[in-house]
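To keep things clear, I will list the structure first and then write my remarks on it.
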Amino acid sequence: KFFVIWYIYIMFFFKKNNLPSKQDLIDRAFDLKNNITDILFLFPPTSIGNYSHRYGKEDLGDLKGDLIPLGIAALAAYLRQHNFGVGALDCVALNISHDEIIDIIKKKKPKSVAISATTYALPASTKLSERLRKEFPDLLIILGGSHANVAGMDAAKNIPSVDIVSYHPEGETVVLQIIKEFKKTEYDRKTFTQNVETLKTIKGIIFKDGDNIHKTAPGEIIKDLDFLPFPARDLFPMERYVPLPNQYKRLPLTNMVVIRGCPYVCTFCDQAATIARRRSPQKVIDEIKHCVENYGTREISFWDDTMSYHKKWMVEFCNLLIDAKLDLIWSCYAAINTVNKEILELMAKAGCWNIFYGYETGVEVLAQNIKTNRKNRSMDYIMEVTKWTKDAGIEIRGSFMIALPGETPELAEQTIKDAIKLDPHYAQFSIATPYPGTALYNEIKDGKWGKLTTKDFSEYQGWNVVFLPDGYKNAEEVIKMSKKAFRSFYLRPSYIIKAILRIRSFEDIKRYFRGFYALVRGYI
């Protein structure tokens with residue numbers, strides 16, 4: 001026993017001390033051209049050391065949940081391909097504070113900075129941009145990301161420290177044009193930002209000209225996704241990425257996006273009714289092989305909104321993956337209407353172990369209110385697809401929503417009963433959140449369904465009450481219903497027994513412990 005314990009200690013010590021230091025990872029994040037960093041992409045911090053606030057809670061323990069921010073990884077790769085010097089800092093994974101960002105910029109001297117912001121991170125991103133403007137008056141500051149895509153005009157009006165808002169959802173061509181034109185001025189921010197006629201030629205941006213705000217025409221969508229390089233994973237701390245406990249089985253894991261856009265029209269989603277396009281199956285296999293060979297990847301988490309939307313594509317992809325014999329497992333997001341029994345069996349054979357279904361609700365009137373009936377045909381069909389998925393040996397993560405438009409506590413009770421009836425391996429009960437720019441947000445602003453309860457965007461992460469439907473008395477009633485949903489689903493003896501029986505490894509035990517701790521601390 002002594003030798004076993006000593007061996008484990010030595011291996012742990014050796015592994016720990018051979019991991020790159022924080023400074024090593026920061027240096028890795030830069031790839032200069034001609035000794036210049038033309039642009040530094042920032043995935044900004046919203047707090048340091050504990051990221052439970054992302055889930056609307058104060059302390060959920062060591063929940064993990066960080067994965068490579070593919071948006072800035074894709075932009076960095078694209079600009080690097082066009083011979084520009086880039087930096088890409090995942091400040092969340094690296095625990096980088098605003099003070100540290102300032103020090104890094106002083107040392108690395110990028111010519112411009114692009115901040116990627118989600119809605120809930122906008123207040124923190126605003127503070128960061130204000131600090132950057134104060135410290136570096138001549139630094140060009142660009143705001144992009146999902147919030148800028150849907151609420152860019154609002155951001156341009158309310159964040160004076162930002163020079164340009166990139167609102168086009170495919171930022172590769174937008175940011176390339178910005179940096180090309182900026183370089184022509186020899187990186188002179190004043191000259192560049194005052195050249196209104198040049199800025200007007202850049203598609204997909206919003207900028208200020210005195211008291212006037214200009215929004216240029218949107219850029220064209222990228223139809224041929226094979227044209228794009230693989231995300232610049234080499235710039236990121238791949239050693240530090242670990243998903244949420246119920247979203248992986250093997251490490252190392254990386255995430256991928258192989259489809260852009262979504263054909264469905266769910267009113268709560270900022271990707272609703274966007275034009276869906278896909279990379280060729282062979283190109284996806286090539287990227288997977290690249291990850292396996294360069295990062296030792298053993299599992300892929302596909303982040304596409306609806307990876308399964310094109311059946312012929314999915315069949316070809318699965319067959320190629322089977323032929324590649326990569327000893328790899330994967331998970332994905334899918335819509336009920338896009339799969340059938342045969343495709344699910346093929347996906348399982350190709351290594352798919354987990355599918356995230358956006359059930360949202362089985363109550364027909366609520367589904368119609370948010371238009372999820374377009375992707376989920378009926379409760380009967382949802383039940384059938386769920387059975388096919390389980391029969392294929394694929395685990396299910398199911399998404400449900402509480403406080404939907406038109407909902408009452410009685411209808412919420414029915415959603416909970418339906419969740420228990422469907423019995424996915426994991427259930428997520430988020431609180432309906434009308435993100436700015438979505439159809440649901442606009443409907444509520446027009447006086448339909450209920451009222452918004454706050455203008456604090458840091459609350460917009462799906463776990464706080466920012467919208468109170470007419471059918472509820474107050475926010476406390478919504479929170480109470482949300483907790484009841486989690487308790488009703490997860491504290492069933494049958495669920496607990498089945499969860500224990502699924503344990504196959506020590507990694508499973510660690511995942512279950514982190515997940516159970518977070519569940520008890522934050523949701524029940």
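We name chains A, B, ... following the order of the structure tokens; residues begin at 1 in each chain, and ligands are numbered from 1 as shown.
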Exercise: A:Gln247 partners within 10 Å, only C-alpha atoms, chain neighbours under 5 positions left out, as a PDB file with N, CA, C and O atoms, in the first residue's frame:
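Final file, part17.pdb:
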```
ATOM      1  N   GLY A  65     -16.805  23.731 -16.375  1.00  0.00           N
ATOM      2  CA  GLY A  65     -17.704  24.294 -17.386  1.00  0.00           C
ATOM      3  C   GLY A  65     -17.035  25.220 -18.381  1.00  0.00           C
ATOM      4  O   GLY A  65     -17.709  25.838 -19.202  1.00  0.00           O
ATOM      5  N   VAL A 242     -12.469  21.867 -19.017  1.00  0.00           N
ATOM      6  CA  VAL A 242     -13.250  20.727 -18.533  1.00  0.00           C
ATOM      7  C   VAL A 242     -14.715  21.136 -18.570  1.00  0.00           C
ATOM      8  O   VAL A 242     -15.085  22.155 -17.983  1.00  0.00           O
ATOM      9  N   SER A 301     -17.382  17.684 -28.183  1.00  0.00           N
ATOM     10  CA  SER A 301     -18.688  18.242 -27.857  1.00  0.00           C
ATOM     11  C   SER A 301     -19.084  19.182 -29.000  1.00  0.00           C
ATOM     12  O   SER A 301     -18.483  20.244 -29.172  1.00  0.00           O
ATOM     13  N   TRP A 330     -18.647  11.315 -28.713  1.00  0.00           N
ATOM     14  CA  TRP A 330     -19.073  12.688 -28.954  1.00  0.00           C
ATOM     15  C   TRP A 330     -20.514  12.906 -28.489  1.00  0.00           C
ATOM     16  O   TRP A 330     -21.263  11.959 -28.273  1.00  0.00           O
ATOM     17  N   SER A 331     -20.852  14.180 -28.315  1.00  0.00           N
ATOM     18  CA  SER A 331     -22.206  14.584 -27.960  1.00  0.00           C
ATOM     19  C   SER A 331     -22.616  15.734 -28.864  1.00  0.00           C
ATOM     20  O   SER A 331     -21.771  16.381 -29.495  1.00  0.00           O
ATOM     21  N   CYS A 332     -23.923  16.006 -28.920  1.00  0.00           N
ATOM     22  CA  CYS A 332     -24.400  17.060 -29.817  1.00  0.00           C
ATOM     23  C   CYS A 332     -25.760  17.571 -29.370  1.00  0.00           C
ATOM     24  O   CYS A 332     -26.384  17.034 -28.452  1.00  0.00           O
ATOM     25  N   ASN A 354     -24.377  11.086 -26.150  1.00  0.00           N
ATOM     26  CA  ASN A 354     -25.273  12.027 -25.473  1.00  0.00           C
ATOM     27  C   ASN A 354     -25.844  13.023 -26.468  1.00  0.00           C
ATOM     28  O   ASN A 354     -25.107  13.592 -27.279  1.00  0.00           O
ATOM     29  N   ILE A 355     -27.168  13.238 -26.398  1.00  0.00           N
ATOM     30  CA  ILE A 355     -27.836  14.241 -27.217  1.00  0.00           C
ATOM     31  C   ILE A 355     -28.587  15.208 -26.306  1.00  0.00           C
ATOM     32  O   ILE A 355     -29.269  14.783 -25.363  1.00  0.00           O
ATOM     33  N   PHE A 356     -28.449  16.487 -26.582  1.00  0.00           N
ATOM     34  CA  PHE A 356     -29.210  17.516 -25.882  1.00  0.00           C
ATOM     35  C   PHE A 356     -30.431  17.853 -26.726  1.00  0.00           C
ATOM     36  O   PHE A 356     -30.308  18.379 -27.834  1.00  0.00           O
ATOM     37  N   ARG A 397     -29.782  14.664 -22.492  1.00  0.00           N
ATOM     38  CA  ARG A 397     -29.941  15.869 -21.674  1.00  0.00           C
ATOM     39  C   ARG A 397     -31.150  16.609 -22.227  1.00  0.00           C
ATOM     40  O   ARG A 397     -31.184  16.935 -23.409  1.00  0.00           O
ATOM     41  N   TYR A 426     -30.568  13.547 -17.807  1.00  0.00           N
ATOM     42  CA  TYR A 426     -30.374  14.814 -17.106  1.00  0.00           C
ATOM     43  C   TYR A 426     -31.433  15.789 -17.599  1.00  0.00           C
ATOM     44  O   TYR A 426     -31.749  15.824 -18.794  1.00  0.00           O
ATOM     45  N   ARG A 511     -17.467  13.389 -11.508  1.00  0.00           N
ATOM     46  CA  ARG A 511     -18.480  14.190 -12.203  1.00  0.00           C
ATOM     47  C   ARG A 511     -19.768  14.236 -11.398  1.00  0.00           C
ATOM     48  O   ARG A 511     -20.379  15.294 -11.246  1.00  0.00           O
TER      49      ARG A 511
END
```
Could you work out how far atom CA of A:Ala93 lies from atom CA of A:Leu42, giving the answer in Å with one decimal?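 Spanning atom CA of A:Leu42 to atom CA of A:Ala93 is a straight-line distance of 11.6 Å.
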Nearest residue to A:Leu176 out of A:Met347, A:Arg80, A:Tyr495, A:Val385, using only C-alpha atoms? A:Arg80
Residues near A:Leu491, cut-off 12 Å, only C-alpha atoms, skip fewer than 3 positions along chain, as a PDB file with N, CA, C and O atoms, in the first residue's frame:
```
ATOM      1  N   ILE A 420     -40.738  14.315 -16.095  1.00  0.00           N
ATOM      2  CA  ILE A 420     -40.603  13.047 -15.378  1.00  0.00           C
ATOM      3  C   ILE A 420     -41.064  11.888 -16.254  1.00  0.00           C
ATOM      4  O   ILE A 420     -40.459  10.806 -16.250  1.00  0.00           O
ATOM      5  N   LYS A 483     -37.342  25.624  -8.358  1.00  0.00           N
ATOM      6  CA  LYS A 483     -36.767  24.698  -7.382  1.00  0.00           C
ATOM      7  C   LYS A 483     -37.598  23.425  -7.282  1.00  0.00           C
ATOM      8  O   LYS A 483     -37.055  22.317  -7.139  1.00  0.00           O
ATOM      9  N   LYS A 484     -38.915  23.568  -7.370  1.00  0.00           N
ATOM     10  CA  LYS A 484     -39.776  22.389  -7.314  1.00  0.00           C
ATOM     11  C   LYS A 484     -39.495  21.470  -8.500  1.00  0.00           C
ATOM     12  O   LYS A 484     -39.508  20.238  -8.357  1.00  0.00           O
ATOM     13  N   ALA A 485     -39.244  22.055  -9.657  1.00  0.00           N
ATOM     14  CA  ALA A 485     -38.943  21.249 -10.847  1.00  0.00           C
ATOM     15  C   ALA A 485     -37.697  20.397 -10.621  1.00  0.00           C
ATOM     16  O   ALA A 485     -37.691  19.191 -10.899  1.00  0.00           O
ATOM     17  N   PHE A 486     -36.631  21.014 -10.129  1.00  0.00           N
ATOM     18  CA  PHE A 486     -35.397  20.259  -9.884  1.00  0.00           C
ATOM     19  C   PHE A 486     -35.594  19.195  -8.809  1.00  0.00           C
ATOM     20  O   PHE A 486     -35.127  18.059  -8.956  1.00  0.00           O
ATOM     21  N   ARG A 487     -36.287  19.558  -7.722  1.00  0.00           N
ATOM     22  CA  ARG A 487     -36.515  18.573  -6.653  1.00  0.00           C
ATOM     23  C   ARG A 487     -37.344  17.396  -7.160  1.00  0.00           C
ATOM     24  O   ARG A 487     -37.032  16.233  -6.899  1.00  0.00           O
ATOM     25  N   SER A 488     -38.417  17.711  -7.875  1.00  0.00           N
ATOM     26  CA  SER A 488     -39.327  16.660  -8.345  1.00  0.00           C
ATOM     27  C   SER A 488     -38.622  15.693  -9.277  1.00  0.00           C
ATOM     28  O   SER A 488     -38.894  14.483  -9.262  1.00  0.00           O
ATOM     29  N   SER A 494     -36.146   6.396  -7.928  1.00  0.00           N
ATOM     30  CA  SER A 494     -35.853   5.672  -9.168  1.00  0.00           C
ATOM     31  C   SER A 494     -34.757   6.354  -9.961  1.00  0.00           C
ATOM     32  O   SER A 494     -33.895   5.694 -10.559  1.00  0.00           O
ATOM     33  N   TYR A 495     -34.752   7.687  -9.963  1.00  0.00           N
ATOM     34  CA  TYR A 495     -33.712   8.416 -10.690  1.00  0.00           C
ATOM     35  C   TYR A 495     -32.353   8.203 -10.024  1.00  0.00           C
ATOM     36  O   TYR A 495     -31.342   7.949 -10.697  1.00  0.00           O
ATOM     37  N   ILE A 496     -32.312   8.299  -8.696  1.00  0.00           N
ATOM     38  CA  ILE A 496     -31.058   8.160  -7.963  1.00  0.00           C
ATOM     39  C   ILE A 496     -30.455   6.779  -8.175  1.00  0.00           C
ATOM     40  O   ILE A 496     -29.245   6.633  -8.407  1.00  0.00           O
ATOM     41  N   ILE A 497     -31.292   5.742  -8.121  1.00  0.00           N
ATOM     42  CA  ILE A 497     -30.802   4.371  -8.310  1.00  0.00           C
ATOM     43  C   ILE A 497     -30.221   4.190  -9.705  1.00  0.00           C
ATOM     44  O   ILE A 497     -29.135   3.635  -9.886  1.00  0.00           O
ATOM     45  N   LYS A 498     -30.945   4.695 -10.725  1.00  0.00           N
ATOM     46  CA  LYS A 498     -30.453   4.558 -12.098  1.00  0.00           C
ATOM     47  C   LYS A 498     -29.152   5.334 -12.306  1.00  0.00           C
ATOM     48  O   LYS A 498     -28.258   4.885 -13.041  1.00  0.00           O
ATOM     49  N   ALA A 499     -29.027   6.488 -11.664  1.00  0.00           N
ATOM     50  CA  ALA A 499     -27.800   7.279 -11.788  1.00  0.00           C
ATOM     51  C   ALA A 499     -26.616   6.526 -11.195  1.00  0.00           C
ATOM     52  O   ALA A 499     -25.518   6.500 -11.771  1.00  0.00           O
ATOM     53  N   PHE A 516     -23.835  16.872  -8.154  1.00  0.00           N
ATOM     54  CA  PHE A 516     -24.758  16.788  -7.027  1.00  0.00           C
ATOM     55  C   PHE A 516     -24.540  17.963  -6.074  1.00  0.00           C
ATOM     56  O   PHE A 516     -25.509  18.551  -5.567  1.00  0.00           O
ATOM     57  N   LEU A 519     -26.133  20.984  -7.593  1.00  0.00           N
ATOM     58  CA  LEU A 519     -27.588  20.855  -7.565  1.00  0.00           C
ATOM     59  C   LEU A 519     -28.134  21.230  -6.195  1.00  0.00           C
ATOM     60  O   LEU A 519     -29.097  22.003  -6.074  1.00  0.00           O
ATOM     61  N   VAL A 520     -27.513  20.692  -5.138  1.00  0.00           N
ATOM     62  CA  VAL A 520     -27.971  20.961  -3.774  1.00  0.00           C
ATOM     63  C   VAL A 520     -27.753  22.419  -3.398  1.00  0.00           C
ATOM     64  O   VAL A 520     -28.612  23.060  -2.800  1.00  0.00           O
ATOM     65  N   TYR A 523     -29.964  24.746  -6.726  1.00  0.00           N
ATOM     66  CA  TYR A 523     -31.198  24.576  -7.489  1.00  0.00           C
ATOM     67  C   TYR A 523     -32.336  23.877  -6.758  1.00  0.00           C
ATOM     68  O   TYR A 523     -33.469  23.902  -7.214  1.00  0.00           O
ATOM     69  N   ILE A 524     -32.053  23.218  -5.622  1.00  0.00           N
ATOM     70  CA  ILE A 524     -33.152  22.564  -4.933  1.00  0.00           C
ATOM     71  C   ILE A 524     -33.311  23.050  -3.484  1.00  0.00           C
ATOM     72  O   ILE A 524     -34.273  22.746  -2.844  1.00  0.00           O
TER      73      ILE A 524
END
```
Residue contacts of A:Ala403 (9 Å, only C-alpha atoms) excluding same-chain residues fewer than 4 positions away, as JSON, numbers by chain: {"A": [407, 408, 409, 412, 430, 431, 432, 433, 465, 467, 468, 469, 471, 472, 478, 481, 482]}
Near stretch 208-217 of chain A, counting only C-alpha atoms, which residues have an atom at most 12 Å away, once you skip same-chain residues fewer than 3 positions from it, shown as a ChimeraX atom specification? /A:151-168,174,190,192-205,220
Who sits within 7 Å of stretch 261-264 of chain A, only C-alpha atoms, same chain under 4 positions skipped, as a list of chain:residue names: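 Contacts, in chain order: A:Gln271, A:Ala272, A:Ala273, A:Thr274, A:Ile275, A:Ala276, A:Arg277, A:Asp305, A:Thr306, A:Arg374, A:Lys375.
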Check the DSSP output for the backbone and give back, as number ranges by chain, the residues of stretch 382-458 of chain A in strand (DSSP E). A: 395-402, 426-431, 450-452
